[in-house]
Number of protein chains: 2
Amino acid sequence: MKRAVVLVIVWAGAARAQSNPAAQAARQWRIAHEHAIVDEFVSLLSIPNIATDRPNIQRNAELIQKMMEKRGIASQLISVSGSNPVVFGEIKTPGATRTIVFYAHYDGQPLDPKEWATPPFEPTLRTGQLEKDGQVIPLPPSGRPFDPEWRLYARSAGDDKASIIAILTAIDAIRAAGVKTNSNLKFAFEGEEEAGSPNLERTLAANRDLFRGDLWLMCDGPVHQTRRPLLAFGARTVVQVNITVYGPSHELHSGHYGNWAPNPALMLAKLLASMKDDNGRVVVDRFYEGIEPLSETEKRALGEAPDVDPALIEEFGLGSTEGAPRKLAELITLPSLNIRGMASSRTGTQASNVIPATATATLDIRLVKGMDPRKTAERVIEHIRKQGFFVVNTLPDRQTRMAHAKVALVEAKGDEPATRTPMDLAISQEVIRTVESVRGPAVKLPNMGGGLPLTSVERPLGARTIVVPIANHDDNQHTFNENLRIQNLWDGIELMAALLVR
Amino acid sequence: MKRAVVLVIVWAGAARAQSNPAAQAARQWRIAHEHAIVDEFVSLLSIPNIATDRPNIQRNAELIQKMMEKRGIASQLISVSGSNPVVFGEIKTPGATRTIVFYAHYDGQPLDPKEWATPPFEPTLRTGQLEKDGQVIPLPPSGRPFDPEWRLYARSAGDDKASIIAILTAIDAIRAAGVKTNSNLKFAFEGEEEAGSPNLERTLAANRDLFRGDLWLMCDGPVHQTRRPLLAFGARTVVQVNITVYGPSHELHSGHYGNWAPNPALMLAKLLASMKDDNGRVVVDRFYEGIEPLSETEKRALGEAPDVDPALIEEFGLGSTEGAPRKLAELITLPSLNIRGMASSRTGTQASNVIPATATATLDIRLVKGMDPRKTAERVIEHIRKQGFFVVNTLPDRQTRMAHAKVALVEAKGDEPATRTPMDLAISQEVIRTVESVRGPAVKLPNMGGGLPLTSVERPLGARTIVVPIANHDDNQHTFNENLRIQNLWDGIELMAALLVR
């Protein structure tokens with residue numbers, strides 16, 4: 001296991017001496033209060049937090065509000081019709097000339113408890129990673145420190161309640177140490193990020209003054225796979241495209257009609273095959289048009305990012321990568337066109353001797369800054385037309401199907417353009433310096449591959465966003481047995497303390 | 001409904017005067033015994049007959065044996081280990097110089113009773129086609145004739161118990177009229193045709209003398225869509241090919257890894273797209289090699305076959321056909337390569353934002369005479385290799401997947417070569433003349449598109465086979481609400497009488 005070795009070597013860096021004063025204060029506070037910190041974390045993790053579970057979502061929001069009020073932070077729950085509340089809090093700093101907003105979310109991914117080794121809302125400590133035989137242990141008795149390699153298992157342990165605990169603990173620490181901050185501080189903890197933040201933009205637009213800030217620090221996601229701190233200055237957004245193509249009005253006997261009745265699975269295969277070349281480049285006309293090129297600083301940052309490809313290739317058992325020899329970190333600064341799934345009739349032992357009646361594929365297109373979501377969808381639709389399809393956007397009737405050799409129902413969804421905060425901005429440079437003063441050299445990515453509601457923040461408020469994660473990369477976010485490595489919480493507290501103070 | 005008009009015009013031909021003496025005798029007998037004939041049919045249809053339902057299969061076989069013995073036909077049940085019995089019967093004709101074997105099958109397609117309008121094993125009479133508002137009626141009182149457009153609904157009404165009833169009734173009729181036959185007659189009624197005749201060849205090989213005959217008349221399937229009689233001189237056989245291609249070892253987040261991790265759905269799409277050109281021609285190297293060309297007689301017969309394409313295009317709601325402008329009847333004399341189904345991860349509202357881990361397609365290849373099943377499978381596998389895949393025949397391990405950019409698990413099944421009896425043979429010409437003397441001009445196809453166990457008969461016995469169906473083409477065979485149009489049974493009795501006597 002080459003990869004494990006790499007990680008151990010890197011991890012040795014985590015125990016480094018702390019020279020950032022706020023982070024130093026945070027470390028001292030944490031060492032003295034480990035049990036109280038974990039107890040508060042456990043209380044928060046014990047409340048189920050699936051976005052659709054309104055009563056429990058409300059309980060989460062109210063507990064976080066109480067946690068703020070206990071610290072003397074003015075707090076309120078902000079909702080628009082149909083939304084889960086955003087827990088808002090604010091610390092005003094006399095004479096401050098700028099406002100930093102700390103974003104996190106308290107809802108978690110939907111789950112099936114049957115898949116979990118221990119119940120997802122009964123936070124459980126283990127001596128290490130479950131996959132590496134980590135054993136369940138009780139919380140240590142008061143006065144005994146936590147082993148930093150222990151892990152706390154619960155839904156949202158990593159994604160994203162850890163960030164909330166880290167921020168609030170950091171406030172305790174800097175206050176106790178009398179470290180001064182020079183910014184106004186705001187806190188916005190969302191309750192439906194895992195549901196796609198359907199109401200965030202509307203909530204912020206309806207409460208512009210309340211949420212206004214110069215910079216939103218999006219405290220979410222995992223740190224780099226090498227365990228080095230990570231800063232991401234943007235994210236990709238998604239356009240989802242559903243394509244259904246049509247053969248006969250019902251499945252036909254493949255013996256009687258095979259070779260004569262058109263096969264929709266083959267039509268779909270040819271269509272999908274036409275969309276990308278053999279090196280993974282999307283060949284839809286003008287697909288890459290408008291993309292904002294990377295700056296020299298961004299290119300340099302990419303060049304400095306550790307090469308995680310060999311370790312990931314090993315982890316995922318890959319025989320090749322798309323776009324090689326370019327690396328993952330660079331490739332995610334480009335848009336993608338991905339087939340999420342494909343279906344036509346049945347396969348294997350379930351297959352019948354038929355010509356299927358329909359074939360469907362669901363794609364996602366990940367956009368980067370400069371691409372227009374609507375134009376991108378139109379270009380894909382135009383590409384489908386160029387392959388000979390008559391494109392409809394509602395279920396085609398019999399007459400339509402008979403009038404055209406090939407008919408495709410295409411449904412596109414998603415209108416959020418991607419955003420990217422320039423690394424060259426003074427405020428970006430300051431965040432980088434702060435993070436590196438606490439945790440050493442950071443991995444700086446122009447954007448993450450996945451999504452975060454950056455545009456929902458930037459568009460209504462005109463703010464900038466930078467993503468500052470604290471969770472371990474192997475936290476099983478979005479799946480079962482989610483967990484947080486204790487050291488990642490400790491490091492997160494120090495990082496948040498430094499960011500609160502700058 | 002253009003098509004309905006066509007059918008009505010054609011059907012007028014069914015009431016034609018009967019000049020074939022055996023068929024004339026059959027008609028007289030039938031008119032006098034309609035109730036008894038239908039009663040016997042209803043008894044046979046009332047026994048469930050799914051091939052895996054051994055106790056009921058046995059009951060079917062024993063009833064048919066009794067029906068033969070009632071007629072003084074020596075009968076026995078012939079099995080090999082693990083097989084359902086073939087009901088065998090024989091009528092020896094002193095001085096006969098040849099033997100004709102009448103084949104039919106008494107098992108039926110698997111079914112889900114919930115899909116049926118009336119229970120599949122409670123034969124139910126309707127005033128017409130269910131889809132055209134045919135109403136359930138009781139059997140008419142004795143002495144009142146059956147309307148020929150009535151339909152009897154039950155599993156195997158069309159496929160294939162009607163043939164058994166037609167044959168046995170025809171024997172009654174010619175005996176009653178004292179019409180002499182000049183052949184030895186044998187009867188072989190199979191009990192697992194719908195399960196793919198897994199034991200037929202072995203059963204015949206183990207009982208060669210018993211089953212030997214110059215010609216096997218395969219009384220199965222539907223007549224032509226125009227309702228004209230149909231003779232098919234061959235069938236296509238099947239090679240099934242299952243292909244699975246591989247991406248990451250588990251589904252990956254399409255945001256984090258989309259554009260970098262290889263997508264198996266795209267790989268599969270490109271592979272399938274590479275197999276056929278835009279006119280439906282298979283572009284696998286040497287795919288068409290060895291095919292026995294059609295004779296002049298076969299070509300002429302094809303040229304004379306009615307053009308059913310417009311009616312079928314209308315019925316299936318097609319916007320195009322593969323291989324156009326060539327017609328269905330010609331195209332099924334060529335091999336096909338058909339995608340039965342395709343699957344990768346999930347689609348539509350079930351889709352997740354993932355790069356799938358695998359993608360699978362199940363194909364069927366329909367072979368025609370002259371093609372070698374094993375070589376055909378090898379050529380397809382070679383084609384897959386040429387597309388850059390490392391081909392395995394068992395689940396590839398991690399090491400194998402990592403050692404090759406593209407890995408495909410390919411499983412091919414089916415080793416039966418297709419057969420075709422020349423239309424020019426004296427015995428073929430005689431069958432054609434007999435059928436046409438009873439029912440007027442027949443549609444003569446070099447082969448059917450679908451399968452029948454012709455090779456399983458020809459290979460062990462060295463016999464010839466010709467397919468002589470009697471059921472209506474719209475009998476819903478292989479699906480729910482299977483039915484037989486009464487006139488098709490009446491016509492079938494006359495046809496079988498003539499064939500028994502020749």
# chains A, B, ... in the order shown; residues from 1 in each chain; ligands from 1
>>> residues_around(residues="A:Val179", least_positions_apart="2", cutoff="9 Å", atoms="only C-alpha atoms", output="PyMOL selection string")
chain A and resi 21-22+25+173-177+181+501
>>> write_last_selection(atoms="N, CA and C atoms", output="CSV table (one decimal), in the first residue's frame")
chain,number,residue,atom,x,y,z
A,21,PRO,N,-0.2,33.4,16.4
A,21,PRO,CA,-0.7,33.6,17.8
A,21,PRO,C,-2.1,33.2,18.1
A,22,ALA,N,-3.0,33.4,17.1
A,22,ALA,CA,-4.4,33.0,17.3
A,22,ALA,C,-4.5,31.5,17.3
A,25,ALA,N,-3.2,30.2,20.6
A,25,ALA,CA,-4.2,30.3,21.7
A,25,ALA,C,-5.3,29.2,21.5
A,173,ALA,N,-11.7,30.3,22.1
A,173,ALA,CA,-10.2,30.3,22.4
A,173,ALA,C,-9.6,31.7,22.2
A,174,ILE,N,-10.0,32.4,21.2
A,174,ILE,CA,-9.4,33.8,21.0
A,174,ILE,C,-9.9,34.7,22.0
A,175,ARG,N,-11.2,34.6,22.4
A,175,ARG,CA,-11.7,35.4,23.4
A,175,ARG,C,-11.0,35.2,24.8
A,176,ALA,N,-10.8,33.9,25.1
A,176,ALA,CA,-10.1,33.6,26.4
A,176,ALA,C,-8.7,34.1,26.4
A,177,ALA,N,-8.1,34.1,25.2
A,177,ALA,CA,-6.7,34.6,25.2
A,177,ALA,C,-6.6,36.1,25.0
A,181,THR,N,-9.7,40.6,17.0
A,181,THR,CA,-9.9,40.5,15.6
A,181,THR,C,-10.1,41.9,15.0
A,501,VAL,N,-9.3,36.0,13.3
A,501,VAL,CA,-8.5,37.2,13.8
A,501,VAL,C,-8.0,38.1,12.6
>>> closest_residue(among="A:Met218, A:Leu231, A:Leu495, A:Ala408", to="A:Gln429", atoms="only C-alpha atoms")
A:Leu231
>>> residues_around(residues="stretch 472-483 of chain A", least_positions_apart="5", cutoff="9 Å", atoms="only C-alpha atoms", output="number ranges by chain")
A: 108-113, 115-120, 129-130, 151-160, 194, 221-227, 488
>>> residues_around(residues="stretch 75-84 of chain B", least_positions_apart="6", cutoff="6 Å", atoms="only C-alpha atoms", output="list in words")
Gln65, Gly191, Asn199 and Thr203 of chain B
>>> write_last_selection(atoms="C-alpha atoms", output="tab-separated table (two decimals), in the first residue's frame")
chain	number	residue	atom	x	y	z
B	65	GLN	CA	-50.94	-39.30	-24.81
B	191	GLY	CA	-42.54	-29.98	-23.64
B	199	ASN	CA	-32.84	-31.43	-24.41
B	203	THR	CA	-33.59	-36.85	-26.85
>>> closest_residue(among="B:Ala305, B:Ile47, B:Ile243, B:Val282", to="A:Thr347", atoms="only C-alpha atoms")
B:Ile243
>>> select_by_dssp(residues="stretch 29-143 of chain B", states="strand (DSSP E)", output="list in words")
Ala74, Ser75, Gln76, Leu77, Ile78, Val86, Val87, Phe88, Gly89, Glu90, Ile91, Thr99, Ile100, Val101, Phe102, Tyr103, Ala104, His105, Thr124, Leu125, Arg126, Val136 and Ile137 of chain B
>>> write_last_selection(atoms="C-alpha atoms", output="CSV table (one decimal), in the first residue's frame")
chain,number,residue,atom,x,y,z
B,74,ALA,CA,-49.6,-45.9,-30.4
B,75,SER,CA,-48.0,-43.3,-28.1
B,76,GLN,CA,-45.3,-43.0,-25.5
B,77,LEU,CA,-43.5,-40.4,-23.5
B,78,ILE,CA,-39.8,-40.1,-24.3
B,86,VAL,CA,-41.7,-35.6,-25.8
B,87,VAL,CA,-45.1,-37.1,-26.5
B,88,PHE,CA,-44.4,-39.5,-29.4
B,89,GLY,CA,-47.0,-41.2,-31.6
B,90,GLU,CA,-47.0,-43.1,-34.8
B,91,ILE,CA,-49.4,-44.2,-37.5
B,99,THR,CA,-42.2,-40.9,-43.1
B,100,ILE,CA,-43.4,-37.4,-42.2
B,101,VAL,CA,-43.1,-36.2,-38.6
B,102,PHE,CA,-45.5,-33.6,-37.3
B,103,TYR,CA,-43.8,-31.5,-34.6
B,104,ALA,CA,-45.5,-29.1,-32.2
B,105,HIS,CA,-44.9,-28.2,-28.5
B,124,THR,CA,-62.1,-17.7,-22.2
B,125,LEU,CA,-64.1,-17.0,-25.4
B,126,ARG,CA,-64.4,-13.4,-26.6
B,136,VAL,CA,-66.3,-12.3,-22.9
B,137,ILE,CA,-69.0,-14.8,-23.9
>>> residues_around(residues="A:Pro229", least_positions_apart="4", cutoff="8 Å", atoms="only C-alpha atoms", output="list in words")
Val223, His224, Val435, Arg439, Gly440, Pro441, Ala442, Val443, Pro469 and Ile470 of chain A
>>> atom_distance(atom1="atom CA of B:Glu289", atom2="atom CA of B:Thr376")
9.1 Å
>>> closest_atom_pairs(of="stretch 303-364 of chain B", to="stretch 380-393 of chain B", cutoff="12 Å", atoms="only C-alpha atoms", output="Markdown table")
| residue | atom | partner | partner_atom | distance |
| --- | --- | --- | --- | --- |
| B:Leu337 | CA | B:Val380 | CA | 10.0 |
| B:Leu363 | CA | B:Val380 | CA | 10.7 |
| B:Asp364 | CA | B:Val380 | CA | 11.3 |
>>> decode(residues="stretch 82-105 of chain B", atoms="C-alpha atoms", output="compact mmCIF listing (two decimals), in the first residue's frame")
# COMPACT_ATOMS: atom_id res chain seq x y z
CA GLY B 82 -33.56 -33.86 -16.78
CA SER B 83 -35.87 -33.33 -19.74
CA ASN B 84 -39.60 -32.82 -20.05
CA PRO B 85 -41.16 -35.67 -22.02
CA VAL B 86 -41.65 -35.58 -25.77
CA VAL B 87 -45.05 -37.13 -26.52
CA PHE B 88 -44.42 -39.51 -29.38
CA GLY B 89 -47.02 -41.16 -31.58
CA GLU B 90 -46.99 -43.11 -34.81
CA ILE B 91 -49.40 -44.24 -37.52
CA LYS B 92 -47.83 -46.85 -39.76
CA THR B 93 -49.05 -46.98 -43.33
CA PRO B 94 -48.51 -50.27 -45.15
CA GLY B 95 -46.42 -49.80 -48.27
CA ALA B 96 -45.46 -46.22 -47.45
CA THR B 97 -42.02 -45.25 -48.70
CA ARG B 98 -41.52 -42.20 -46.56
CA THR B 99 -42.15 -40.86 -43.12
CA ILE B 100 -43.45 -37.41 -42.21
CA VAL B 101 -43.06 -36.20 -38.62
CA PHE B 102 -45.46 -33.59 -37.29
CA TYR B 103 -43.79 -31.48 -34.62
CA ALA B 104 -45.52 -29.14 -32.17
CA HIS B 105 -44.90 -28.18 -28.53
